[in-house]
$ cat run31.txt   # compact mmCIF, C-alpha atoms
# COMPACT_ATOMS: atom_id res chain seq x y z
CA MET A 46 125.16 76.28 132.11
CA MET A 47 127.98 76.31 134.60
CA ASP A 48 127.13 76.12 138.22
CA MET A 49 128.92 78.59 140.50
CA GLU A 50 129.55 76.01 143.16
CA GLU A 51 131.36 73.60 140.89
CA LYS A 52 133.81 75.54 138.77
CA VAL A 53 134.36 79.02 140.14
CA PHE A 54 137.78 78.17 141.57
CA ASP A 55 139.02 77.51 138.10
CA ASP A 56 141.46 80.16 136.84
CA ASP A 57 139.81 80.45 133.43
CA GLU A 58 136.43 80.78 135.06
CA LEU A 59 137.61 83.57 137.34
CA TYR A 60 139.30 85.22 134.38
CA THR A 61 135.95 85.25 132.50
CA ILE A 62 134.09 86.49 135.56
CA MET A 63 136.53 89.34 136.11
CA LYS A 64 136.33 90.35 132.45
CA LYS A 65 132.54 90.38 132.69
CA GLY A 66 132.68 92.50 135.82
CA LYS A 67 134.98 95.12 134.37
CA ARG A 68 133.83 98.54 135.50
CA THR A 69 134.22 101.63 133.40
CA MET A 70 134.32 105.29 134.36
CA PRO A 71 130.65 106.21 134.78
CA PHE A 72 131.18 109.96 134.64
CA ASP A 73 131.04 111.30 131.08
CA ASP A 74 132.65 114.62 131.95
CA PHE A 75 135.64 113.02 133.62
CA GLU A 76 138.14 113.79 130.84
CA ASP A 77 137.05 117.42 130.60
CA LYS A 78 137.21 117.87 134.35
CA VAL A 79 140.79 116.61 134.50
CA MET A 80 141.82 118.64 131.44
CA ASP A 81 140.30 121.77 133.01
CA LYS A 82 142.32 121.10 136.15
CA ILE A 83 145.45 120.66 134.05
CA TYR A 84 144.90 123.91 132.15
CA TYR A 85 144.19 125.72 135.42
CA GLU A 86 147.30 124.23 137.00
CA TYR A 87 149.38 125.29 134.01
CA ALA A 88 148.00 128.83 134.00
CA TYR A 89 148.34 129.10 137.76
CA LYS A 90 151.92 127.91 137.57
CA GLY A 91 152.66 130.66 135.03
CA VAL A 92 151.17 133.34 137.26
CA VAL A 93 153.03 132.02 140.30
CA SER A 94 156.25 131.88 138.34
CA ASN A 95 155.89 135.57 137.35
CA LYS A 96 155.14 136.56 140.92
CA LEU A 97 158.12 134.56 142.14
CA LYS A 98 160.40 136.39 139.70
CA LEU A 99 158.99 139.73 140.86
CA SER A 100 159.40 138.83 144.51
CA LEU A 101 162.98 137.73 143.87
CA ILE A 102 163.74 141.12 142.29
CA PHE A 103 162.25 142.98 145.28
CA PHE A 104 164.04 140.68 147.69
CA ILE A 105 167.39 141.49 146.07
CA ILE A 106 166.54 145.22 145.96
CA GLY A 107 165.67 145.09 149.68
CA ILE A 108 168.88 143.34 150.65
CA VAL A 109 171.04 145.65 148.53
CA SER A 110 169.26 148.76 149.87
CA GLY A 111 169.68 147.52 153.44
CA ILE A 112 173.38 146.93 153.01
CA ALA A 113 173.78 150.34 151.31
CA LEU A 114 171.91 151.97 154.19
CA THR A 115 174.14 150.21 156.72
CA LEU A 116 177.28 151.36 154.93
CA LEU A 117 175.87 154.87 154.64
CA PHE A 118 175.10 155.17 158.35
CA SER A 119 178.40 153.65 159.41
CA ALA A 120 180.16 156.30 157.23
CA PHE A 121 178.52 159.12 159.21
CA GLY A 122 180.74 160.65 161.86
CA SER A 123 178.01 162.39 163.86
CA PRO A 124 174.92 160.81 165.51
CA VAL A 125 171.82 160.38 163.32
CA PHE A 126 168.51 161.27 165.07
CA GLY A 127 170.53 161.28 168.27
CA ILE A 128 171.63 157.65 167.77
CA ASN A 129 175.23 156.55 167.41
CA PRO A 130 175.81 155.69 163.65
CA THR A 131 177.48 152.37 164.52
CA THR A 132 174.52 151.33 166.68
CA LEU A 133 172.13 152.37 163.92
CA ALA A 134 174.13 150.42 161.32
CA LEU A 135 174.11 147.34 163.56
CA LEU A 136 170.36 147.69 164.12
CA ILE A 137 169.69 147.89 160.38
CA LEU A 138 172.02 144.95 159.79
CA PHE A 139 170.13 142.94 162.41
CA ILE A 140 166.77 143.76 160.80
CA ILE A 141 168.11 142.84 157.35
CA ALA A 142 169.44 139.55 158.69
CA VAL A 143 166.16 138.56 160.40
CA VAL A 144 163.87 139.66 157.56
CA GLY A 145 166.28 138.30 154.94
CA ILE A 146 166.56 134.86 156.51
CA MET A 147 162.78 134.58 156.99
CA SER A 148 162.06 135.74 153.44
CA LEU A 149 164.71 133.47 151.98
CA ASP A 150 163.25 130.48 153.80
CA ASN A 151 159.73 131.23 152.51
CA PHE A 152 161.09 131.94 149.09
CA LEU A 153 162.95 128.64 148.86
CA ARG A 154 159.87 126.77 150.04
CA LEU A 155 157.77 128.43 147.34
CA ILE A 156 160.31 127.65 144.65
CA LYS A 157 160.46 124.03 145.77
CA LYS A 158 156.67 123.75 145.75
CA TYR A 159 156.13 125.24 142.32
CA SER A 160 159.12 123.75 140.59
CA GLN A 161 157.60 120.26 140.99
CA MET B 169 152.86 105.14 121.73
CA ASP B 170 152.91 106.24 125.38
CA GLU B 171 156.46 107.58 124.98
CA LEU B 172 155.39 109.79 122.09
CA TYR B 173 152.61 111.39 124.12
CA ILE B 174 154.83 111.73 127.18
CA ARG B 175 157.28 113.65 125.02
CA LYS B 176 154.49 115.85 123.64
CA VAL B 177 153.23 116.68 127.14
CA LEU B 178 156.74 117.45 128.34
CA GLU B 179 157.21 119.75 125.35
CA GLY B 180 154.22 121.77 126.57
CA ASP B 181 151.34 120.21 124.64
CA GLN B 182 148.89 119.79 127.51
CA GLU B 183 146.13 118.52 125.23
CA ALA B 184 148.30 115.48 124.50
CA PHE B 185 147.59 114.34 128.05
CA ARG B 186 144.04 113.53 126.94
CA TYR B 187 145.51 110.43 125.28
CA PHE B 188 146.35 109.02 128.74
CA LEU B 189 142.92 109.94 130.05
CA LYS B 190 141.21 108.12 127.19
CA ASN B 191 143.37 105.03 127.49
CA TYR B 192 143.70 104.59 131.23
CA LYS B 193 140.68 106.16 132.88
CA ASP B 194 138.52 103.02 132.80
CA MET B 195 141.13 100.67 134.14
CA ALA B 196 142.25 103.22 136.71
CA PHE B 197 138.64 103.57 137.78
CA HIS B 198 138.25 99.81 138.10
CA VAL B 199 141.40 99.58 140.20
CA ALA B 200 140.37 102.55 142.38
CA VAL B 201 136.82 101.37 142.92
CA SER B 202 138.04 97.90 143.84
CA ILE B 203 139.94 99.55 146.70
CA VAL B 204 137.70 102.39 147.88
CA LYS B 205 134.41 100.60 147.00
CA ASP B 206 132.62 103.78 146.02
CA ALA B 207 132.26 105.28 142.55
CA TYR B 208 132.48 108.91 143.70
CA TYR B 209 135.56 108.37 145.83
CA ALA B 210 137.06 106.33 143.01
CA GLU B 211 136.50 109.19 140.57
CA GLU B 212 138.31 111.57 142.94
CA VAL B 213 141.14 109.09 143.38
CA VAL B 214 141.56 108.72 139.62
CA GLN B 215 141.43 112.49 139.14
CA ASP B 216 144.12 113.00 141.76
CA ALA B 217 146.19 110.19 140.28
CA PHE B 218 146.04 111.76 136.81
CA MET B 219 147.02 115.15 138.25
CA LYS B 220 149.95 113.57 140.08
CA ALA B 221 150.98 111.77 136.91
CA PHE B 222 150.82 115.03 134.95
CA LYS B 223 152.88 116.89 137.51
CA GLY B 224 155.34 114.04 137.92
CA LEU B 225 155.73 113.18 134.25
CA LYS B 226 159.17 114.81 134.27
CA SER B 227 160.31 112.35 136.90
CA PHE B 228 159.05 109.34 134.91
CA ASN B 229 162.30 107.80 133.74
CA GLY B 230 160.87 105.12 131.47
CA THR B 231 162.48 102.15 133.20
CA ALA B 232 158.99 100.77 133.85
CA LYS B 233 156.02 101.01 131.53
CA PHE B 234 153.93 104.15 131.90
CA LYS B 235 150.94 101.95 132.71
CA THR B 236 152.74 100.26 135.60
CA TRP B 237 154.02 103.59 136.92
CA PHE B 238 150.55 105.12 136.67
CA TYR B 239 148.81 102.18 138.36
CA ARG B 240 151.25 102.51 141.22
CA ILE B 241 150.10 106.12 141.64
CA VAL B 242 146.43 105.10 141.45
CA ILE B 243 146.88 102.36 144.04
CA ASN B 244 148.80 104.63 146.42
CA GLU B 245 146.16 107.34 146.06
CA ALA B 246 143.36 104.84 146.60
CA PHE B 247 144.88 103.37 149.75
CA GLN B 248 145.59 106.85 151.08
CA ARG B 249 141.95 107.79 150.44
CA LEU B 250 140.78 104.56 152.04
CA ARG B 251 142.72 105.38 155.18
CA LYS B 252 141.17 108.87 155.19
CA ILE B 253 137.58 107.87 154.71
CA LYS B 254 137.86 104.82 156.94
CA LYS B 255 134.80 103.61 155.22
CA GLU B 256 133.01 100.85 157.01
CA MET B 257 133.58 97.86 154.86
CA VAL B 258 131.48 94.74 154.79
CA SER B 259 133.52 92.32 156.80
CA PHE B 260 134.86 89.32 155.02
CA VAL B 261 133.19 86.10 156.03
CA PRO B 262 135.48 83.08 155.65
CA VAL B 263 134.32 80.55 153.11
CA GLU B 264 133.78 77.88 155.72
CA GLU B 265 131.26 79.98 157.61
CA ILE B 266 129.00 80.56 154.68
CA ILE B 267 126.06 78.27 154.57
CA ILE B 268 125.78 77.11 151.01
CA LEU B 269 122.26 77.42 149.80
CA GLU B 270 120.83 76.92 146.39
CA SER B 271 121.86 79.85 144.24
CA THR B 272 121.20 80.94 140.71
CA PRO B 273 124.08 80.01 138.41
CA LEU B 274 125.74 83.26 137.41
CA TYR B 275 125.62 82.61 133.70
CA GLU B 276 121.87 82.15 133.69
CA LEU B 277 121.49 85.83 134.41
CA ALA B 278 121.36 88.61 131.82
CA GLU B 279 124.72 90.16 131.01
CA GLU B 280 123.99 93.46 132.77
CA LYS B 281 122.82 91.59 135.85
CA GLN B 282 125.96 89.44 135.78
CA LYS B 283 128.10 92.55 135.62
CA TYR B 284 126.22 94.06 138.53
CA MET B 285 126.53 90.88 140.61
CA ILE B 286 130.25 90.59 139.95
CA GLY B 287 130.67 94.26 140.88
CA GLU B 288 128.75 93.71 144.10
CA ALA B 289 130.86 90.66 144.96
CA LEU B 290 134.05 92.65 144.31
CA ASN B 291 132.75 95.45 146.53
CA MET B 292 132.33 92.97 149.36
CA LEU B 293 135.92 91.77 149.14
CA PRO B 294 138.63 93.42 151.22
CA ALA B 295 140.53 96.07 149.24
CA LYS B 296 143.74 94.10 148.80
CA GLU B 297 141.93 90.99 147.59
CA SER B 298 139.80 92.72 145.00
CA LEU B 299 142.89 94.64 143.87
CA ALA B 300 144.84 91.39 143.49
CA LEU B 301 142.05 89.84 141.42
CA THR B 302 141.82 92.94 139.25
CA LEU B 303 145.53 93.08 138.55
CA PHE B 304 145.95 89.34 138.02
CA TYR B 305 142.85 88.42 136.05
CA LEU B 306 141.76 91.65 134.43
CA GLU B 307 145.08 93.32 133.75
CA GLU B 308 146.84 89.97 133.40
CA TYR B 309 149.87 91.09 135.36
CA SER B 310 152.28 88.43 136.53
CA LEU B 311 152.87 87.88 140.24
CA ALA B 312 156.21 89.69 139.94
CA ASP B 313 154.51 92.68 138.31
CA ILE B 314 151.88 92.78 141.05
CA CYS B 315 154.64 92.80 143.66
CA ASN B 316 156.31 95.64 141.78
CA ILE B 317 153.12 97.69 141.54
CA THR B 318 151.78 97.12 145.03
CA GLY B 319 154.99 96.72 146.99
CA TRP B 320 153.81 93.42 148.46
CA SER B 321 156.21 90.52 148.82
CA LEU B 322 155.82 87.52 146.52
CA SER B 323 154.60 85.22 149.27
CA ASN B 324 152.15 87.84 150.50
CA THR B 325 150.83 88.34 146.98
CA LYS B 326 150.30 84.61 146.58
CA VAL B 327 148.44 84.43 149.89
CA ILE B 328 146.27 87.45 149.04
CA LEU B 329 145.46 86.04 145.63
CA HIS B 330 144.60 82.63 147.05
CA ARG B 331 142.33 84.21 149.65
CA ALA B 332 140.82 86.43 146.98
CA ARG B 333 139.89 83.46 144.79
CA LYS B 334 138.15 81.74 147.68
CA ALA B 335 136.49 84.93 148.87
CA MET B 336 135.26 85.86 145.40
CA ARG B 337 133.58 82.51 145.15
CA SER B 338 131.77 82.91 148.44
CA MET B 339 130.87 86.52 147.78
CA LEU B 340 129.39 85.66 144.42
CA ARG B 341 127.33 82.95 146.01
CA SER B 342 126.27 85.29 148.74
CA VAL B 343 125.28 88.00 146.24
CA LEU B 344 123.41 85.51 144.08
CA LYS B 345 121.54 84.18 147.08
CA THR B 346 120.55 87.66 148.16
CA SER B 347 119.28 88.52 144.72
CA HIS B 348 117.40 85.27 144.32

$ encode --input "run31.txt" --output "structure tokens"
Amino acid sequence: MMDMEEKVFDDDELYTIMKKGKRTMPFDDFEDKVMDKIYYEYAYKGVVSNKLKLSLIFFIIGIVSGIALTLLFSAFGSPVFGINPTTLALLILFIIAVVGIMSLDNFLRLIKKYSQ
Amino acid sequence: MDELYIRKVLEGDQEAFRYFLKNYKDMAFHVAVSIVKDAYYAEEVVQDAFMKAFKGLKSFNGTAKFKTWFYRIVINEAFQRLRKIKKEMVSFVPVEEIIILESTPLYELAEEKQKYMIGEALNMLPAKESLALTLFYLEEYSLADICNITGWSLSNTKVILHRARKAMRSMLRSVLKTSH
């Protein structure tokens, strides 16, 4: 029998000790838990991807409609609801710019997150 | 073999990822538990590491072995978790300060008991030292590989490993004395 105090510094000894002390995953359901997470992640990614596509479509529709509305109002010669058409067009353009930039920022962040 | 399964996973066969779980879960667990010192935390670390590996498989370029790449993820996750939990670790007592008493030779104990004692001794070691022992003696990585996986410098790795050898000896003695 080997005494701990004499030979434990030895590389071979430590090698044997470490092999003996090898710990294994004690949780039997570990594989299934991770696989469930993977399947969920995959399914979730699919749902998010569809929603992203839908939101992109609505984003484009919103921007196009906004620009069309701006052009429409600026084409009017007489005031609309008592407001000068140029002022109204500028106001709509301002709203489109603010909402558009904010949405685009969020949208890009989402794409970056889910494309990983 | 790893490359084949990586390709399968990337082609959309999620079930193929089970191959990596089967082959690397035990070693990943050993590495994680040697750092976080707790089986439940270690399980979480390994789970997170596998999820990161799954998500990041596209970015795995194959210059290193999958195993090396994956262990790097496990180690990073484990150290991140360790920082979060700030678990109170048993402080390392330098070899010189340990009073050597009569202890039971390790190999006189039953195999299960030996395994338990070695596990206890590893739990008492600082995270970096038990990790160094695990990678060097259990995984049989070279010093250069350990540097590559952990990001430590060569001289630092040598120092950690030297300390770890000494500390493991004292911890084993300490554990054996306590159990005696």

$ closest_residue --input "run31.txt" --among "B:Ala312, B:Leu329, B:Ala207, B:Ile317" --to "Phe238 (chain B)" --atoms "all atoms listed in the file"
B:Ile317

$ closest_residue --input "run31.txt" --among "B:Leu293, B:Leu178, B:Ala217, B:Val199" --to "Arg331 (chain B)" --atoms "only C-alpha atoms"
B:Leu293

$ closest_residue --input "run31.txt" --among "B:Gly180, B:Gly287, B:Pro294, B:Gly319" --to "chain A" --atoms "all atoms listed in the file"
B:Gly287

$ closest_atom_pairs --input "run31.txt" --of "chain B" --to "chain A" --cutoff "9 Å" --atoms "all atoms listed in the file" --output "tab-separated table"
residue	atom	partner	partner_atom	distance
B:Gln182	CA	A:Tyr84	CA	7.4
B:Glu183	CA	A:Met80	CA	7.6
B:Phe185	CA	A:Met80	CA	8.0
B:Arg186	CA	A:Glu76	CA	7.1
B:Leu189	CA	A:Glu76	CA	6.2
B:Lys190	CA	A:Glu76	CA	7.4
B:Lys193	CA	A:Met70	CA	6.6
B:Asp194	CA	A:Thr69	CA	4.6
B:Met195	CA	A:Thr69	CA	7.0
B:Ala196	CA	A:Met70	CA	8.5
B:Phe197	CA	A:Met70	CA	5.8
B:His198	CA	A:Arg68	CA	5.3
B:Val199	CA	A:Arg68	CA	9.0
B:Val201	CA	A:Arg68	CA	8.5
B:Ala207	CA	A:Pro71	CA	8.0
B:Glu211	CA	A:Met70	CA	7.7
B:Gln215	CA	A:Val79	CA	6.2
B:Asp216	CA	A:Val79	CA	8.8
B:Phe218	CA	A:Val79	CA	7.5
B:Met219	CA	A:Ile83	CA	7.1
B:Phe222	CA	A:Ile83	CA	7.8
B:Lys223	CA	A:Gln161	CA	6.8
B:Gly224	CA	A:Gln161	CA	7.3
B:Lys226	CA	A:Gln161	CA	8.8
B:Ile268	CA	A:Glu50	CA	8.8
B:Ser271	CA	A:Met49	CA	8.1
B:Thr272	CA	A:Asp48	CA	8.0
B:Pro273	CA	A:Asp48	CA	4.9
B:Leu274	CA	A:Met49	CA	6.4
B:Tyr275	CA	A:Met46	CA	6.5
B:Glu276	CA	A:Met46	CA	6.9
B:Glu279	CA	A:Lys65	CA	8.0
B:Gln282	CA	A:Lys65	CA	7.3
B:Lys283	CA	A:Gly66	CA	4.6
B:Tyr284	CA	A:Gly66	CA	7.2
B:Met285	CA	A:Gly66	CA	8.0
B:Ile286	CA	A:Gly66	CA	5.2
B:Gly287	CA	A:Gly66	CA	5.7
B:Leu290	CA	A:Gly66	CA	8.6
B:Leu301	CA	A:Met63	CA	7.7
B:Thr302	CA	A:Met63	CA	7.1
B:Phe304	CA	A:Tyr60	CA	8.6
B:Tyr305	CA	A:Tyr60	CA	5.1
B:Leu306	CA	A:Lys64	CA	5.9
B:Glu308	CA	A:Tyr60	CA	9.0
B:Arg333	CA	A:Phe54	CA	6.5
B:Lys334	CA	A:Phe54	CA	7.1
B:Met336	CA	A:Val53	CA	8.7
B:Arg337	CA	A:Val53	CA	6.2
B:Ser338	CA	A:Glu50	CA	9.0
B:Leu340	CA	A:Met49	CA	8.1
B:Arg341	CA	A:Met49	CA	7.2

$ closest_residue --input "run31.txt" --among "B:Asn229, B:Gln248, B:Asn291, B:Thr236" --to "Ser202 (chain B)" --atoms "all atoms listed in the file"
B:Asn291

$ atom_distance --input "run31.txt" --atom1 "CA of Trp237 (chain B)" --atom2 "CA of Lys90 (chain A)"
24.4 Å

$ closest_residue --input "run31.txt" --among "B:Asn324, B:Asn191, B:Ser298, B:Thr318" --to "Met339 (chain B)" --atoms "only C-alpha atoms"
B:Ser298

$ atom_distance --input "run31.txt" --atom1 "CA of Ser100 (chain A)" --atom2 "CA of Ala134 (chain A)"
25.2 Å

$ atom_distance --input "run31.txt" --atom1 "CA of Ala246 (chain B)" --atom2 "CA of Ala200 (chain B)"
5.7 Å

$ residues_around --input "run31.txt" --residues "Lys252 (chain B)" --least-positions-apart "4" --cutoff "12 Å" --atoms "all atoms listed in the file" --output "PyMOL selection string"
chain B and resi 204+209+213+245-248+256

$ residues_around --input "run31.txt" --residues "Gly122 (chain A)" --least-positions-apart "6" --cutoff "10 Å" --atoms "all atoms listed in the file" --output "ChimeraX atom specification"
/A:129-131

$ decode --input "run31.txt" --residues "region 183-195 of chain B" --atoms "all heavy atoms" --output "PDB file, in the first residue's frame"
ATOM      1  N   GLU B 183     -31.379  16.784 -33.305  1.00  0.00           N
ATOM      2  CA  GLU B 183     -31.169  15.565 -32.512  1.00  0.00           C
ATOM      3  C   GLU B 183     -29.698  15.134 -32.547  1.00  0.00           C
ATOM      4  O   GLU B 183     -29.214  14.487 -31.624  1.00  0.00           O
ATOM      5  CB  GLU B 183     -32.088  14.461 -33.040  1.00  0.00           C
ATOM      6  CG  GLU B 183     -32.219  13.227 -32.161  1.00  0.00           C
ATOM      7  CD  GLU B 183     -32.698  13.489 -30.729  1.00  0.00           C
ATOM      8  OE1 GLU B 183     -33.511  14.403 -30.525  1.00  0.00           O
ATOM      9  OE2 GLU B 183     -32.227  12.788 -29.818  1.00  0.00           O
ATOM     10  N   ALA B 184     -29.010  15.510 -33.624  1.00  0.00           N
ATOM     11  CA  ALA B 184     -27.591  15.153 -33.740  1.00  0.00           C
ATOM     12  C   ALA B 184     -26.759  15.779 -32.630  1.00  0.00           C
ATOM     13  O   ALA B 184     -25.670  15.305 -32.312  1.00  0.00           O
ATOM     14  CB  ALA B 184     -27.056  15.599 -35.096  1.00  0.00           C
ATOM     15  N   PHE B 185     -27.301  16.822 -32.018  1.00  0.00           N
ATOM     16  CA  PHE B 185     -26.549  17.494 -30.942  1.00  0.00           C
ATOM     17  C   PHE B 185     -26.422  16.590 -29.708  1.00  0.00           C
ATOM     18  O   PHE B 185     -25.542  16.783 -28.886  1.00  0.00           O
ATOM     19  CB  PHE B 185     -27.226  18.815 -30.572  1.00  0.00           C
ATOM     20  CG  PHE B 185     -26.341  19.734 -29.777  1.00  0.00           C
ATOM     21  CD1 PHE B 185     -25.296  20.411 -30.379  1.00  0.00           C
ATOM     22  CD2 PHE B 185     -26.525  19.902 -28.415  1.00  0.00           C
ATOM     23  CE1 PHE B 185     -24.465  21.244 -29.648  1.00  0.00           C
ATOM     24  CE2 PHE B 185     -25.700  20.725 -27.675  1.00  0.00           C
ATOM     25  CZ  PHE B 185     -24.661  21.406 -28.297  1.00  0.00           C
ATOM     26  N   ARG B 186     -27.313  15.595 -29.622  1.00  0.00           N
ATOM     27  CA  ARG B 186     -27.269  14.660 -28.495  1.00  0.00           C
ATOM     28  C   ARG B 186     -25.909  13.936 -28.433  1.00  0.00           C
ATOM     29  O   ARG B 186     -25.444  13.553 -27.371  1.00  0.00           O
ATOM     30  CB  ARG B 186     -28.410  13.648 -28.616  1.00  0.00           C
ATOM     31  CG  ARG B 186     -28.820  13.038 -27.303  1.00  0.00           C
ATOM     32  CD  ARG B 186     -29.962  12.079 -27.509  1.00  0.00           C
ATOM     33  NE  ARG B 186     -31.259  12.718 -27.521  1.00  0.00           N
ATOM     34  CZ  ARG B 186     -31.969  12.977 -26.417  1.00  0.00           C
ATOM     35  NH1 ARG B 186     -31.502  12.644 -25.245  1.00  0.00           N
ATOM     36  NH2 ARG B 186     -33.151  13.547 -26.502  1.00  0.00           N
ATOM     37  N   TYR B 187     -25.299  13.760 -29.599  1.00  0.00           N
ATOM     38  CA  TYR B 187     -23.974  13.129 -29.658  1.00  0.00           C
ATOM     39  C   TYR B 187     -22.983  13.883 -28.767  1.00  0.00           C
ATOM     40  O   TYR B 187     -22.221  13.290 -28.016  1.00  0.00           O
ATOM     41  CB  TYR B 187     -23.489  13.120 -31.115  1.00  0.00           C
ATOM     42  CG  TYR B 187     -21.999  12.897 -31.279  1.00  0.00           C
ATOM     43  CD1 TYR B 187     -21.460  11.615 -31.289  1.00  0.00           C
ATOM     44  CD2 TYR B 187     -21.132  13.986 -31.416  1.00  0.00           C
ATOM     45  CE1 TYR B 187     -20.091  11.428 -31.415  1.00  0.00           C
ATOM     46  CE2 TYR B 187     -19.762  13.805 -31.554  1.00  0.00           C
ATOM     47  CZ  TYR B 187     -19.252  12.521 -31.550  1.00  0.00           C
ATOM     48  OH  TYR B 187     -17.897  12.352 -31.669  1.00  0.00           O
ATOM     49  N   PHE B 188     -23.018  15.221 -28.848  1.00  0.00           N
ATOM     50  CA  PHE B 188     -22.090  16.040 -28.051  1.00  0.00           C
ATOM     51  C   PHE B 188     -22.437  15.953 -26.566  1.00  0.00           C
ATOM     52  O   PHE B 188     -21.547  15.935 -25.726  1.00  0.00           O
ATOM     53  CB  PHE B 188     -22.112  17.498 -28.520  1.00  0.00           C
ATOM     54  CG  PHE B 188     -21.649  17.654 -29.937  1.00  0.00           C
ATOM     55  CD1 PHE B 188     -22.543  17.920 -30.953  1.00  0.00           C
ATOM     56  CD2 PHE B 188     -20.310  17.491 -30.256  1.00  0.00           C
ATOM     57  CE1 PHE B 188     -22.127  18.026 -32.264  1.00  0.00           C
ATOM     58  CE2 PHE B 188     -19.874  17.602 -31.561  1.00  0.00           C
ATOM     59  CZ  PHE B 188     -20.788  17.863 -32.571  1.00  0.00           C
ATOM     60  N   LEU B 189     -23.743  15.890 -26.296  1.00  0.00           N
ATOM     61  CA  LEU B 189     -24.167  15.775 -24.892  1.00  0.00           C
ATOM     62  C   LEU B 189     -23.645  14.476 -24.296  1.00  0.00           C
ATOM     63  O   LEU B 189     -23.105  14.458 -23.191  1.00  0.00           O
ATOM     64  CB  LEU B 189     -25.695  15.801 -24.793  1.00  0.00           C
ATOM     65  CG  LEU B 189     -26.368  17.128 -25.127  1.00  0.00           C
ATOM     66  CD1 LEU B 189     -27.866  16.959 -25.224  1.00  0.00           C
ATOM     67  CD2 LEU B 189     -26.062  18.154 -24.064  1.00  0.00           C
ATOM     68  N   LYS B 190     -23.819  13.391 -25.052  1.00  0.00           N
ATOM     69  CA  LYS B 190     -23.383  12.073 -24.560  1.00  0.00           C
ATOM     70  C   LYS B 190     -21.872  12.044 -24.330  1.00  0.00           C
ATOM     71  O   LYS B 190     -21.395  11.501 -23.347  1.00  0.00           O
ATOM     72  CB  LYS B 190     -23.752  10.993 -25.576  1.00  0.00           C
ATOM     73  CG  LYS B 190     -25.198  10.544 -25.484  1.00  0.00           C
ATOM     74  CD  LYS B 190     -25.395   9.262 -26.262  1.00  0.00           C
ATOM     75  CE  LYS B 190     -26.863   8.965 -26.492  1.00  0.00           C
ATOM     76  NZ  LYS B 190     -27.653   8.884 -25.276  1.00  0.00           N
ATOM     77  N   ASN B 191     -21.139  12.618 -25.258  1.00  0.00           N
ATOM     78  CA  ASN B 191     -19.680  12.508 -25.206  1.00  0.00           C
ATOM     79  C   ASN B 191     -18.987  13.491 -24.279  1.00  0.00           C
ATOM     80  O   ASN B 191     -17.913  13.200 -23.786  1.00  0.00           O
ATOM     81  CB  ASN B 191     -19.106  12.652 -26.604  1.00  0.00           C
ATOM     82  CG  ASN B 191     -19.299  11.391 -27.395  1.00  0.00           C
ATOM     83  OD1 ASN B 191     -18.609  10.403 -27.184  1.00  0.00           O
ATOM     84  ND2 ASN B 191     -20.287  11.399 -28.255  1.00  0.00           N
ATOM     85  N   TYR B 192     -19.586  14.647 -24.077  1.00  0.00           N
ATOM     86  CA  TYR B 192     -18.856  15.681 -23.333  1.00  0.00           C
ATOM     87  C   TYR B 192     -19.488  16.102 -22.018  1.00  0.00           C
ATOM     88  O   TYR B 192     -18.902  16.887 -21.286  1.00  0.00           O
ATOM     89  CB  TYR B 192     -18.661  16.913 -24.226  1.00  0.00           C
ATOM     90  CG  TYR B 192     -17.797  16.627 -25.428  1.00  0.00           C
ATOM     91  CD1 TYR B 192     -18.314  16.645 -26.721  1.00  0.00           C
ATOM     92  CD2 TYR B 192     -16.451  16.305 -25.265  1.00  0.00           C
ATOM     93  CE1 TYR B 192     -17.523  16.351 -27.817  1.00  0.00           C
ATOM     94  CE2 TYR B 192     -15.658  16.011 -26.362  1.00  0.00           C
ATOM     95  CZ  TYR B 192     -16.199  16.042 -27.635  1.00  0.00           C
ATOM     96  OH  TYR B 192     -15.398  15.749 -28.709  1.00  0.00           O
ATOM     97  N   LYS B 193     -20.675  15.573 -21.717  1.00  0.00           N
ATOM     98  CA  LYS B 193     -21.348  16.060 -20.502  1.00  0.00           C
ATOM     99  C   LYS B 193     -20.568  15.728 -19.230  1.00  0.00           C
ATOM    100  O   LYS B 193     -20.467  16.567 -18.330  1.00  0.00           O
ATOM    101  CB  LYS B 193     -22.788  15.542 -20.417  1.00  0.00           C
ATOM    102  CG  LYS B 193     -22.898  14.058 -20.207  1.00  0.00           C
ATOM    103  CD  LYS B 193     -24.307  13.609 -19.938  1.00  0.00           C
ATOM    104  CE  LYS B 193     -24.258  12.104 -19.704  1.00  0.00           C
ATOM    105  NZ  LYS B 193     -25.509  11.463 -19.637  1.00  0.00           N
ATOM    106  N   ASP B 194     -20.000  14.515 -19.163  1.00  0.00           N
ATOM    107  CA  ASP B 194     -19.311  14.124 -17.932  1.00  0.00           C
ATOM    108  C   ASP B 194     -18.052  14.963 -17.696  1.00  0.00           C
ATOM    109  O   ASP B 194     -17.818  15.454 -16.603  1.00  0.00           O
ATOM    110  CB  ASP B 194     -18.948  12.639 -17.975  1.00  0.00           C
ATOM    111  CG  ASP B 194     -20.180  11.767 -17.808  1.00  0.00           C
ATOM    112  OD1 ASP B 194     -21.148  12.240 -17.173  1.00  0.00           O
ATOM    113  OD2 ASP B 194     -20.191  10.638 -18.315  1.00  0.00           O
ATOM    114  N   MET B 195     -17.273  15.089 -18.754  1.00  0.00           N
ATOM    115  CA  MET B 195     -16.031  15.853 -18.592  1.00  0.00           C
ATOM    116  C   MET B 195     -16.335  17.326 -18.346  1.00  0.00           C
ATOM    117  O   MET B 195     -15.676  17.974 -17.526  1.00  0.00           O
ATOM    118  CB  MET B 195     -15.180  15.669 -19.859  1.00  0.00           C
ATOM    119  CG  MET B 195     -13.724  15.911 -19.624  1.00  0.00           C
ATOM    120  SD  MET B 195     -13.088  14.964 -18.253  1.00  0.00           S
ATOM    121  CE  MET B 195     -12.204  16.241 -17.406  1.00  0.00           C
TER     122      MET B 195
END
